[in-house]
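Student: Below you will find the structure I want to go over with you.
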Amino acid sequence: KAVIAGVEDDDDGIGFKITIQSLEHAEFFEVERGEIRPEDKIKPPSPIPSPGEPSVEPTVLQPPYPFLKITKKLKFVDDDVESGVRYFWRVRAGNSKGWGEWSEPVDAIQ
């Protein structure tokens with residue numbers, strides 16, 4: 001299973017440097033990126049529960065993960081970002097036999 005080993009701010013302050021952990025037998029990696037904008041971050045407040053009912057806390061929504069790129073590199077820069085947006089990345093390894101499982105997502109806010 002592929003792993004994103006690190007996400008850090010790009011040197012110019014715009015974007016992120018993404019590092020993928022080396023994986024035996026991987027020939028290339030497919031990367032997907034989702035985003036949550038500040039206005040999408042939490043669900044609308046739930047009505048006040050009746051006595052004895054559990055309260056419902058706001059939760060972070062799970063974003064869709066559109067295709068970002070296929071790469072053979074273990075490091076790349078994602079500069080197509082906006083301030084205040086939380087970005088999520090996940091990756092899977094591929095070779096001539098097919099694709100592996102998706103990694104756990106990692107996230108960062110620009």
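A note on labels: chains of the structure tokens are A, B, ... as shown, every chain counts residues from 1, and ligands are counted from 1 in their shown order.
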Identify, on the basis of only C-alpha atoms, every residue whose closest approach to A:Lys17 does not exceed 12 Å; exclude the query and any residue fewer than 6 positions from it along the same chain; express the result as a ChimeraX atom specification.

Tutor: /A:4-11,74-81,89,107-108,110

Student: Do a neighbour search on A:Pro64 at 10 Å with only C-alpha atoms, toss out local chain neighbours closer than 2 positions, and write the hits as a list in words.

Tutor: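 In the requested form, the answer reads Glu32, Arg33, Gly34, Glu35, Ile36, Leu61, Gln62, Pro66, Phe67 and Phe88 of chain A.
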
Student: Identify which of the residues A:Ala2, A:Val31, A:Leu68, A:Ala26 lies closest to A:Ser96, counting only C-alpha atoms when measuring atom-to-atom distances.

Tutor: A:Ala26

Student: Could you check the closest approach to A:Gly13 for each of A:Ile109, A:Glu30, A:Val91, A:Arg37 and tell me which residue wins, using only C-alpha atoms?

Tutor: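 Of A:Ile109, A:Glu30, A:Val91, A:Arg37, the one nearest A:Gly13, counting only C-alpha atoms, is A:Ile109.
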
Student: So how many Å separate atom CA of A:Asn95 and atom CA of A:Lys1, to one decimal?

Tutor: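 Pair atom CA of A:Asn95 / atom CA of A:Lys1 returns 12.6 Å.
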
Student: When distances are computed from only C-alpha atoms, which of A:Pro105, A:Pro38, A:Pro63, A:Gly98 shows the smallest separation from A:Val3?

Tutor: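 Going through A:Pro105, A:Pro38, A:Pro63, A:Gly98 one by one, the smallest distance to A:Val3 is for A:Pro105.
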
Student: Please return as a ChimeraX atom specification: the residues of chain A that backbone DSSP assigns to strand (DSSP E or B).

Tutor: /A:4-9,16-20,28-36,42,60,67-71,75-78,86-95,98-99,106-109
